[in-house]
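Listing of query17.cif; format and content: mmCIF, N, CA and C atoms and all ligand atoms.
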```cif
data_upload
#
loop_
_atom_site.group_PDB
_atom_site.id
_atom_site.type_symbol
_atom_site.label_atom_id
_atom_site.label_comp_id
_atom_site.auth_asym_id
_atom_site.auth_seq_id
_atom_site.Cartn_x
_atom_site.Cartn_y
_atom_site.Cartn_z
ATOM 1 N N MET V 1 -108.610 122.626 147.840
ATOM 2 C CA MET V 1 -109.820 123.441 147.890
ATOM 3 C C MET V 1 -110.034 123.939 149.306
ATOM 4 N N THR V 2 -110.219 125.216 149.462
ATOM 5 C CA THR V 2 -110.385 125.775 150.794
ATOM 6 C C THR V 2 -111.857 125.920 151.161
ATOM 7 N N GLU V 3 -112.723 125.938 150.165
ATOM 8 C CA GLU V 3 -114.143 126.101 150.444
ATOM 9 C C GLU V 3 -114.687 124.874 151.173
ATOM 10 N N ASN V 4 -115.690 125.098 152.005
ATOM 11 C CA ASN V 4 -116.258 123.979 152.764
ATOM 12 C C ASN V 4 -116.950 122.972 151.855
ATOM 13 N N TRP V 5 -116.733 121.725 152.181
ATOM 14 C CA TRP V 5 -117.402 120.650 151.456
ATOM 15 C C TRP V 5 -118.764 120.407 152.091
ATOM 16 N N PRO V 6 -119.762 120.108 151.287
ATOM 17 C CA PRO V 6 -121.074 119.767 151.860
ATOM 18 C C PRO V 6 -121.021 118.363 152.459
ATOM 19 N N ALA V 7 -121.964 118.054 153.319
ATOM 20 C CA ALA V 7 -122.104 116.676 153.795
ATOM 21 C C ALA V 7 -122.726 115.869 152.672
ATOM 22 N N ALA V 8 -121.974 114.925 152.142
ATOM 23 C CA ALA V 8 -122.493 114.110 151.042
ATOM 24 C C ALA V 8 -123.679 113.292 151.544
ATOM 25 N N PRO V 9 -124.714 113.111 150.680
ATOM 26 C CA PRO V 9 -125.902 112.371 151.122
ATOM 27 C C PRO V 9 -125.560 110.931 151.502
ATOM 28 N N LEU V 10 -126.311 110.405 152.471
ATOM 29 C CA LEU V 10 -126.015 109.077 153.009
ATOM 30 C C LEU V 10 -126.128 107.974 151.958
ATOM 31 N N TRP V 11 -127.059 108.127 151.004
ATOM 32 C CA TRP V 11 -127.212 107.060 150.009
ATOM 33 C C TRP V 11 -125.948 106.850 149.196
ATOM 34 N N MET V 12 -125.113 107.888 149.087
ATOM 35 C CA MET V 12 -123.860 107.708 148.348
ATOM 36 C C MET V 12 -122.956 106.676 149.020
ATOM 37 N N PHE V 13 -123.028 106.598 150.343
ATOM 38 C CA PHE V 13 -122.152 105.675 151.066
ATOM 39 C C PHE V 13 -122.710 104.254 151.063
ATOM 40 N N ALA V 14 -123.957 104.128 150.646
ATOM 41 C CA ALA V 14 -124.551 102.795 150.526
ATOM 42 C C ALA V 14 -124.237 102.186 149.161
ATOM 43 N N CYS V 15 -123.652 102.959 148.277
ATOM 44 C CA CYS V 15 -123.296 102.500 146.931
ATOM 45 C C CYS V 15 -121.779 102.358 146.857
ATOM 46 N N ASP V 16 -121.305 101.196 146.467
ATOM 47 C CA ASP V 16 -119.859 100.952 146.407
ATOM 48 C C ASP V 16 -119.144 101.926 145.485
ATOM 49 N N THR V 17 -119.732 102.161 144.310
ATOM 50 C CA THR V 17 -119.084 103.036 143.328
ATOM 51 C C THR V 17 -119.008 104.467 143.843
ATOM 52 N N CYS V 18 -120.117 104.976 144.376
ATOM 53 C CA CYS V 18 -120.125 106.326 144.937
ATOM 54 C C CYS V 18 -119.097 106.440 146.062
ATOM 55 N N ALA V 19 -119.126 105.480 146.988
ATOM 56 C CA ALA V 19 -118.254 105.561 148.156
ATOM 57 C C ALA V 19 -116.784 105.524 147.737
ATOM 58 N N ARG V 20 -116.487 104.685 146.750
ATOM 59 C CA ARG V 20 -115.091 104.551 146.307
ATOM 60 C C ARG V 20 -114.625 105.832 145.612
ATOM 61 N N LEU V 21 -115.426 106.351 144.666
ATOM 62 C CA LEU V 21 -115.032 107.554 143.937
ATOM 63 C C LEU V 21 -114.984 108.769 144.863
ATOM 64 N N TYR V 22 -115.964 108.855 145.760
ATOM 65 C CA TYR V 22 -115.997 109.996 146.673
ATOM 66 C C TYR V 22 -114.794 109.967 147.624
ATOM 67 N N GLY V 23 -114.476 108.782 148.126
ATOM 68 C CA GLY V 23 -113.315 108.659 149.010
ATOM 69 C C GLY V 23 -112.032 109.076 148.310
ATOM 70 N N ARG V 24 -111.891 108.656 147.045
ATOM 71 C CA ARG V 24 -110.687 109.028 146.282
ATOM 72 C C ARG V 24 -110.672 110.517 145.980
ATOM 73 N N LEU V 25 -111.850 111.079 145.720
ATOM 74 C CA LEU V 25 -111.943 112.513 145.433
ATOM 75 C C LEU V 25 -111.499 113.338 146.642
ATOM 76 N N ARG V 26 -111.991 112.974 147.825
ATOM 77 C CA ARG V 26 -111.605 113.721 149.028
ATOM 78 C C ARG V 26 -110.124 113.560 149.304
ATOM 79 N N TRP V 27 -109.619 112.376 149.095
ATOM 80 C CA TRP V 27 -108.207 112.121 149.313
ATOM 81 C C TRP V 27 -107.371 112.946 148.344
ATOM 82 N N ALA V 28 -107.754 112.944 147.066
ATOM 83 C CA ALA V 28 -107.009 113.687 146.054
ATOM 84 C C ALA V 28 -107.072 115.189 146.327
ATOM 85 N N SER V 29 -108.230 115.655 146.779
ATOM 86 C CA SER V 29 -108.403 117.092 147.013
ATOM 87 C C SER V 29 -107.619 117.576 148.216
ATOM 88 N N ALA V 30 -107.317 116.669 149.136
ATOM 89 C CA ALA V 30 -106.568 117.049 150.332
ATOM 90 C C ALA V 30 -105.073 117.088 150.052
ATOM 91 N N ASP V 31 -104.668 116.597 148.910
ATOM 92 C CA ASP V 31 -103.252 116.506 148.576
ATOM 93 C C ASP V 31 -102.920 117.552 147.516
ATOM 94 N N GLN V 32 -102.085 118.516 147.882
ATOM 95 C CA GLN V 32 -101.770 119.627 146.978
ATOM 96 C C GLN V 32 -101.238 119.151 145.630
ATOM 97 N N VAL V 33 -100.430 118.119 145.662
ATOM 98 C CA VAL V 33 -99.787 117.671 144.433
ATOM 99 C C VAL V 33 -100.798 117.059 143.471
ATOM 100 N N TRP V 34 -101.691 116.245 144.024
ATOM 101 C CA TRP V 34 -102.608 115.510 143.172
ATOM 102 C C TRP V 34 -103.878 116.285 142.857
ATOM 103 N N GLU V 35 -104.113 117.347 143.587
ATOM 104 C CA GLU V 35 -105.391 118.040 143.458
ATOM 105 C C GLU V 35 -105.722 118.397 142.022
ATOM 106 N N MET V 36 -104.764 119.052 141.332
ATOM 107 C CA MET V 36 -105.036 119.538 139.988
ATOM 108 C C MET V 36 -105.223 118.386 139.002
ATOM 109 N N ILE V 37 -104.500 117.319 139.234
ATOM 110 C CA ILE V 37 -104.480 116.230 138.264
ATOM 111 C C ILE V 37 -105.723 115.352 138.386
ATOM 112 N N ASP V 38 -106.035 114.989 139.604
ATOM 113 C CA ASP V 38 -106.980 113.910 139.823
ATOM 114 C C ASP V 38 -108.392 114.345 140.182
ATOM 115 N N SER V 39 -108.528 115.418 140.946
ATOM 116 C CA SER V 39 -109.835 115.671 141.531
ATOM 117 C C SER V 39 -110.876 116.051 140.482
ATOM 118 N N ASP V 40 -110.465 116.768 139.426
ATOM 119 C CA ASP V 40 -111.423 117.109 138.376
ATOM 120 C C ASP V 40 -111.956 115.855 137.694
ATOM 121 N N LEU V 41 -111.048 114.938 137.421
ATOM 122 C CA LEU V 41 -111.438 113.701 136.744
ATOM 123 C C LEU V 41 -112.335 112.858 137.639
ATOM 124 N N LEU V 42 -111.981 112.773 138.923
ATOM 125 C CA LEU V 42 -112.787 111.988 139.850
ATOM 126 C C LEU V 42 -114.175 112.597 140.015
ATOM 127 N N ALA V 43 -114.244 113.925 140.096
ATOM 128 C CA ALA V 43 -115.538 114.596 140.227
ATOM 129 C C ALA V 43 -116.389 114.327 138.989
ATOM 130 N N LEU V 44 -115.761 114.340 137.816
ATOM 131 C CA LEU V 44 -116.479 114.067 136.574
ATOM 132 C C LEU V 44 -117.016 112.639 136.566
ATOM 133 N N ARG V 45 -116.174 111.688 136.955
ATOM 134 C CA ARG V 45 -116.610 110.284 136.947
ATOM 135 C C ARG V 45 -117.725 110.043 137.952
ATOM 136 N N LEU V 46 -117.621 110.675 139.115
ATOM 137 C CA LEU V 46 -118.666 110.500 140.131
ATOM 138 C C LEU V 46 -119.984 111.131 139.649
ATOM 139 N N ALA V 47 -119.904 112.315 139.054
ATOM 140 C CA ALA V 47 -121.114 112.973 138.538
ATOM 141 C C ALA V 47 -121.743 112.139 137.427
ATOM 142 N N GLN V 48 -120.909 111.561 136.558
ATOM 143 C CA GLN V 48 -121.429 110.719 135.471
ATOM 144 C C GLN V 48 -122.124 109.483 136.033
ATOM 145 N N HIS V 49 -121.514 108.886 137.050
ATOM 146 C CA HIS V 49 -122.107 107.703 137.675
ATOM 147 C C HIS V 49 -123.456 108.046 138.324
ATOM 148 N N ILE V 50 -123.514 109.143 139.059
ATOM 149 C CA ILE V 50 -124.759 109.529 139.728
ATOM 150 C C ILE V 50 -125.833 109.863 138.693
ATOM 151 N N ALA V 51 -125.446 110.570 137.634
ATOM 152 C CA ALA V 51 -126.417 110.947 136.600
ATOM 153 C C ALA V 51 -126.991 109.718 135.900
ATOM 154 N N ARG V 52 -126.207 108.642 135.812
ATOM 155 C CA ARG V 52 -126.666 107.440 135.113
ATOM 156 C C ARG V 52 -127.387 106.477 136.066
ATOM 157 N N ASP V 53 -126.772 106.212 137.223
ATOM 158 C CA ASP V 53 -127.279 105.151 138.108
ATOM 159 C C ASP V 53 -128.158 105.661 139.252
ATOM 160 N N HIS V 54 -128.102 106.939 139.530
ATOM 161 C CA HIS V 54 -128.942 107.496 140.605
ATOM 162 C C HIS V 54 -129.669 108.736 140.091
ATOM 163 N N TYR V 55 -130.152 108.695 138.863
ATOM 164 C CA TYR V 55 -130.669 109.941 138.269
ATOM 165 C C TYR V 55 -131.876 110.495 139.012
ATOM 166 N N ARG V 56 -132.595 109.619 139.742
ATOM 167 C CA ARG V 56 -133.725 110.145 140.527
ATOM 168 C C ARG V 56 -133.255 110.993 141.695
ATOM 169 N N ARG V 57 -132.001 110.852 142.080
ATOM 170 C CA ARG V 57 -131.455 111.614 143.208
ATOM 171 C C ARG V 57 -130.903 112.971 142.773
ATOM 172 N N VAL V 58 -130.756 113.173 141.471
ATOM 173 C CA VAL V 58 -130.160 114.421 140.999
ATOM 174 C C VAL V 58 -131.156 115.557 141.184
ATOM 175 N N PRO V 59 -130.738 116.648 141.805
ATOM 176 C CA PRO V 59 -131.646 117.801 141.960
ATOM 177 C C PRO V 59 -132.109 118.277 140.584
ATOM 178 N N SER V 60 -133.411 118.507 140.437
ATOM 179 C CA SER V 60 -133.929 118.893 139.128
ATOM 180 C C SER V 60 -133.933 120.403 138.935
ATOM 181 N N ALA V 61 -133.853 121.142 140.019
ATOM 182 C CA ALA V 61 -133.935 122.597 139.908
ATOM 183 C C ALA V 61 -132.675 123.176 139.282
ATOM 184 N N ARG V 62 -132.869 124.116 138.354
ATOM 185 C CA ARG V 62 -131.726 124.826 137.788
ATOM 186 C C ARG V 62 -131.169 125.797 138.823
ATOM 187 N N HIS V 63 -129.841 126.012 138.758
ATOM 188 C CA HIS V 63 -129.230 126.984 139.657
ATOM 189 C C HIS V 63 -129.552 128.384 139.133
ATOM 190 N N PRO V 64 -130.020 129.273 139.994
ATOM 191 C CA PRO V 64 -130.377 130.618 139.528
ATOM 192 C C PRO V 64 -129.183 131.314 138.865
ATOM 193 N N GLY V 65 -129.393 131.816 137.663
ATOM 194 C CA GLY V 65 -128.357 132.586 136.976
ATOM 195 C C GLY V 65 -127.184 131.770 136.488
ATOM 196 N N CYS V 66 -127.315 130.455 136.416
ATOM 197 C CA CYS V 66 -126.182 129.593 136.034
ATOM 198 C C CYS V 66 -126.163 129.398 134.522
ATOM 199 N N TRP V 67 -125.072 129.802 133.874
ATOM 200 C CA TRP V 67 -125.021 129.723 132.410
ATOM 201 C C TRP V 67 -124.963 128.281 131.934
ATOM 202 N N LEU V 68 -124.390 127.374 132.740
ATOM 203 C CA LEU V 68 -124.333 125.972 132.325
ATOM 204 C C LEU V 68 -125.727 125.336 132.337
ATOM 205 N N CYS V 69 -126.517 125.646 133.368
ATOM 206 C CA CYS V 69 -127.900 125.151 133.376
ATOM 207 C C CYS V 69 -128.642 125.658 132.147
ATOM 208 N N ASP V 70 -128.467 126.938 131.838
ATOM 209 C CA ASP V 70 -129.107 127.508 130.646
ATOM 210 C C ASP V 70 -128.631 126.796 129.395
ATOM 211 N N HIS V 71 -127.334 126.530 129.355
ATOM 212 C CA HIS V 71 -126.727 125.915 128.171
ATOM 213 C C HIS V 71 -127.285 124.511 127.928
ATOM 214 N N TYR V 72 -127.444 123.735 129.009
ATOM 215 C CA TYR V 72 -127.876 122.341 128.856
ATOM 216 C C TYR V 72 -129.387 122.202 128.686
ATOM 217 N N ASP V 73 -130.131 123.222 129.078
ATOM 218 C CA ASP V 73 -131.585 123.152 129.001
ATOM 219 C C ASP V 73 -132.046 123.578 127.612
ATOM 220 N N ARG V 74 -132.276 122.580 126.743
ATOM 221 C CA ARG V 74 -132.597 122.871 125.355
ATOM 222 C C ARG V 74 -134.103 122.860 125.118
ATOM 223 N N ASP V 75 -134.491 123.512 124.037
ATOM 224 C CA ASP V 75 -135.915 123.582 123.696
ATOM 225 C C ASP V 75 -136.439 122.278 123.124
ATOM 226 N N GLU V 76 -135.532 121.445 122.594
ATOM 227 C CA GLU V 76 -135.966 120.244 121.872
ATOM 228 C C GLU V 76 -135.501 118.983 122.594
ATOM 229 N N PRO V 77 -136.123 118.641 123.742
ATOM 230 C CA PRO V 77 -135.628 117.524 124.552
ATOM 231 C C PRO V 77 -135.694 116.169 123.851
ATOM 232 N N GLU V 78 -136.500 116.062 122.760
ATOM 233 C CA GLU V 78 -136.632 114.769 122.082
ATOM 234 C C GLU V 78 -135.515 114.531 121.077
ATOM 235 N N SER V 79 -134.841 115.573 120.651
ATOM 236 C CA SER V 79 -133.808 115.408 119.634
ATOM 237 C C SER V 79 -132.573 114.746 120.239
ATOM 238 N N GLU V 80 -131.689 114.260 119.377
ATOM 239 C CA GLU V 80 -130.462 113.622 119.839
ATOM 240 C C GLU V 80 -129.627 114.593 120.672
ATOM 241 N N LEU V 81 -129.503 115.813 120.151
ATOM 242 C CA LEU V 81 -128.742 116.817 120.879
ATOM 243 C C LEU V 81 -129.409 117.140 122.214
ATOM 244 N N GLY V 82 -130.742 117.259 122.172
ATOM 245 C CA GLY V 82 -131.471 117.575 123.393
ATOM 246 C C GLY V 82 -131.289 116.500 124.453
ATOM 247 N N GLN V 83 -131.286 115.212 124.028
ATOM 248 C CA GLN V 83 -131.109 114.118 124.987
ATOM 249 C C GLN V 83 -129.707 114.112 125.569
ATOM 250 N N ALA V 84 -128.713 114.357 124.720
ATOM 251 C CA ALA V 84 -127.331 114.426 125.208
ATOM 252 C C ALA V 84 -127.193 115.566 126.208
ATOM 253 N N MET V 85 -127.836 116.694 125.912
ATOM 254 C CA MET V 85 -127.762 117.845 126.796
ATOM 255 C C MET V 85 -128.469 117.571 128.129
ATOM 256 N N THR V 86 -129.551 116.793 128.079
ATOM 257 C CA THR V 86 -130.248 116.434 129.309
ATOM 258 C C THR V 86 -129.327 115.644 130.231
ATOM 259 N N VAL V 87 -128.570 114.708 129.666
ATOM 260 C CA VAL V 87 -127.629 113.917 130.466
ATOM 261 C C VAL V 87 -126.534 114.814 131.037
ATOM 262 N N LEU V 88 -125.988 115.702 130.194
ATOM 263 C CA LEU V 88 -124.931 116.598 130.666
ATOM 264 C C LEU V 88 -125.450 117.525 131.760
ATOM 265 N N GLY V 89 -126.692 117.965 131.619
ATOM 266 C CA GLY V 89 -127.291 118.819 132.638
ATOM 267 C C GLY V 89 -127.438 118.084 133.958
ATOM 268 N N ARG V 90 -127.799 116.799 133.873
ATOM 269 C CA ARG V 90 -127.896 115.972 135.076
ATOM 270 C C ARG V 90 -126.531 115.828 135.753
ATOM 271 N N GLU V 91 -125.502 115.578 134.939
ATOM 272 C CA GLU V 91 -124.153 115.450 135.504
ATOM 273 C C GLU V 91 -123.745 116.750 136.187
ATOM 274 N N HIS V 92 -124.079 117.859 135.551
ATOM 275 C CA HIS V 92 -123.755 119.173 136.102
ATOM 276 C C HIS V 92 -124.462 119.382 137.446
ATOM 277 N N ARG V 93 -125.747 119.065 137.525
ATOM 278 C CA ARG V 93 -126.489 119.311 138.767
ATOM 279 C C ARG V 93 -126.178 118.281 139.841
ATOM 280 N N ALA V 94 -125.653 117.107 139.442
ATOM 281 C CA ALA V 94 -125.262 116.107 140.438
ATOM 282 C C ALA V 94 -124.084 116.596 141.276
ATOM 283 N N ARG V 95 -123.254 117.470 140.710
ATOM 284 C CA ARG V 95 -122.026 117.904 141.391
ATOM 285 C C ARG V 95 -122.302 118.619 142.701
ATOM 286 N N ILE V 96 -123.464 119.290 142.792
ATOM 287 C CA ILE V 96 -123.769 120.059 143.997
ATOM 288 C C ILE V 96 -123.966 119.133 145.200
ATOM 289 N N LEU V 97 -124.202 117.852 144.936
ATOM 290 C CA LEU V 97 -124.420 116.900 146.021
ATOM 291 C C LEU V 97 -123.141 116.631 146.813
ATOM 292 N N PHE V 98 -121.997 116.742 146.144
ATOM 293 C CA PHE V 98 -120.777 116.286 146.818
ATOM 294 C C PHE V 98 -119.595 117.236 146.711
ATOM 295 N N LEU V 99 -119.741 118.355 145.966
ATOM 296 C CA LEU V 99 -118.634 119.292 145.819
ATOM 297 C C LEU V 99 -118.954 120.624 146.486
ATOM 298 N N PRO V 100 -117.919 121.363 146.933
ATOM 299 C CA PRO V 100 -118.159 122.738 147.375
ATOM 300 C C PRO V 100 -118.842 123.541 146.256
ATOM 301 N N THR V 101 -119.691 124.482 146.623
ATOM 302 C CA THR V 101 -120.562 125.131 145.643
ATOM 303 C C THR V 101 -119.818 125.711 144.439
ATOM 304 N N LEU V 102 -118.754 126.448 144.688
ATOM 305 C CA LEU V 102 -118.051 127.078 143.569
ATOM 306 C C LEU V 102 -117.509 126.051 142.593
ATOM 307 N N ALA V 103 -116.944 124.982 143.119
ATOM 308 C CA ALA V 103 -116.417 123.916 142.272
ATOM 309 C C ALA V 103 -117.542 123.201 141.542
ATOM 310 N N ALA V 104 -118.672 123.009 142.238
ATOM 311 C CA ALA V 104 -119.795 122.295 141.641
ATOM 312 C C ALA V 104 -120.337 123.063 140.438
ATOM 313 N N LEU V 105 -120.443 124.369 140.551
ATOM 314 C CA LEU V 105 -121.054 125.170 139.482
ATOM 315 C C LEU V 105 -120.089 125.404 138.328
ATOM 316 N N ALA V 106 -118.818 125.056 138.514
ATOM 317 C CA ALA V 106 -117.819 125.334 137.490
ATOM 318 C C ALA V 106 -117.749 124.251 136.431
ATOM 319 N N GLY V 107 -118.480 123.169 136.605
ATOM 320 C CA GLY V 107 -118.346 122.094 135.622
ATOM 321 C C GLY V 107 -119.628 121.339 135.391
HETATM 322 ZN ZN ZN U 201 -123.477 105.196 143.225
HETATM 323 ZN ZN ZN U 202 -126.124 125.106 136.937
#
```

In structure tokens, what does this structure look like?
Amino acid sequence: MTENWPAAPLWMFACDTCARLYGRLRWASADQVWEMIDSDLLALRLAQHIARDHYRRVPSARHPGCWLCDHYDRDEPESELGQAMTVLGREHRARILFLPTLAALAG
């Protein structure tokens, strides 16, 4: 990835799981061979972890004009589908904390 990485928030380094996944993600992304294979999976696992264990840290604002934010923001938040979409939306918005913007908005 050539785009600049954001400075990951300090609380991520105070969490063993965040620090471990983030360290592996940066390592994988710096390696041309492993980039395609590993970094997407690591980013997904880190976003899932943050959405579950640090959900208060996830930015709540939707990204302007983002089709994924629109997709996950359902009218029926109490339904099973609505709840699943709420979690997926959290995972999606967690990515902006630690990924370059273009990569963050792509998943
Ligand atoms: Zn964590
Ligand atoms: Zn979005």

- Counting only N, CA and C atoms and all ligand atoms, name the residues that have an atom within 7 Å of an atom of ligand ZN 202 (chain U); the answer should be given as a PyMOL selection string. chain V and resi 62-70+92-93+105

- I need the residue set behind the PyMOL selection byres (((chain V and resi 24 and name CA) around 12) and not hetatm and name CA) for this file; please write it as a list in words.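 This file gives the following for the PyMOL selection byres (((chain V and resi 24 and name CA) around 12) and not hetatm and name CA): Thr17, Cys18, Ala19, Arg20, Leu21, Tyr22, Gly23, Leu25, Arg26, Trp27, Ala28, Ser29, Ala30, Asp31, Trp34, Glu35, Asp38, Ser39, Asp40, Leu41, Leu42, Ala43, Arg45 and Leu46 of chain V.
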
- Item | Residue neighbourhood Ser60 of chain V, 10 Å, only C-alpha atoms, exclusion window fewer than 5 positions, as a list in words | Tyr55, Gly89, Arg90, Arg93 and Ala94 of chain V

Store the residues picked out above, limited to N, CA and C atoms, as an mmCIF file, in the coordinates of the input.
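Okay, this is what ended up in again23.cif:
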```
data_model
loop_
_atom_site.group_PDB
_atom_site.id
_atom_site.type_symbol
_atom_site.label_atom_id
_atom_site.label_comp_id
_atom_site.auth_asym_id
_atom_site.auth_seq_id
_atom_site.Cartn_x
_atom_site.Cartn_y
_atom_site.Cartn_z
ATOM 1 N N TYR V 55 -130.152 108.695 138.863
ATOM 2 C CA TYR V 55 -130.669 109.941 138.269
ATOM 3 C C TYR V 55 -131.876 110.495 139.012
ATOM 4 N N GLY V 89 -126.692 117.965 131.619
ATOM 5 C CA GLY V 89 -127.291 118.819 132.638
ATOM 6 C C GLY V 89 -127.438 118.084 133.958
ATOM 7 N N ARG V 90 -127.799 116.799 133.873
ATOM 8 C CA ARG V 90 -127.896 115.972 135.076
ATOM 9 C C ARG V 90 -126.531 115.828 135.753
ATOM 10 N N ARG V 93 -125.747 119.065 137.525
ATOM 11 C CA ARG V 93 -126.489 119.311 138.767
ATOM 12 C C ARG V 93 -126.178 118.281 139.841
ATOM 13 N N ALA V 94 -125.653 117.107 139.442
ATOM 14 C CA ALA V 94 -125.262 116.107 140.438
ATOM 15 C C ALA V 94 -124.084 116.596 141.276
#
```

- Step by step, work through what the PyMOL selection byres (((not hetatm)) within 6.5 of (chain U and resi 201)) selects in the shown file, and finish by giving those residues as a PyMOL selection string. chain V and resi 12+15-19+49-50+53-54

- Query: Which one is closest to Ala8 of chain V: V:Gln83, V:Glu91, V:Phe98, V:Arg56? Count only N, CA and C atoms.
  - Reply: V:Phe98

- Go through V:Ala7, V:Ala103, V:Ala84, V:Leu97 one by one, measure the shortest atom-to-atom distance of each to Tyr72 of chain V using only N, CA and C atoms, and give the residue with the smallest value. V:Ala84
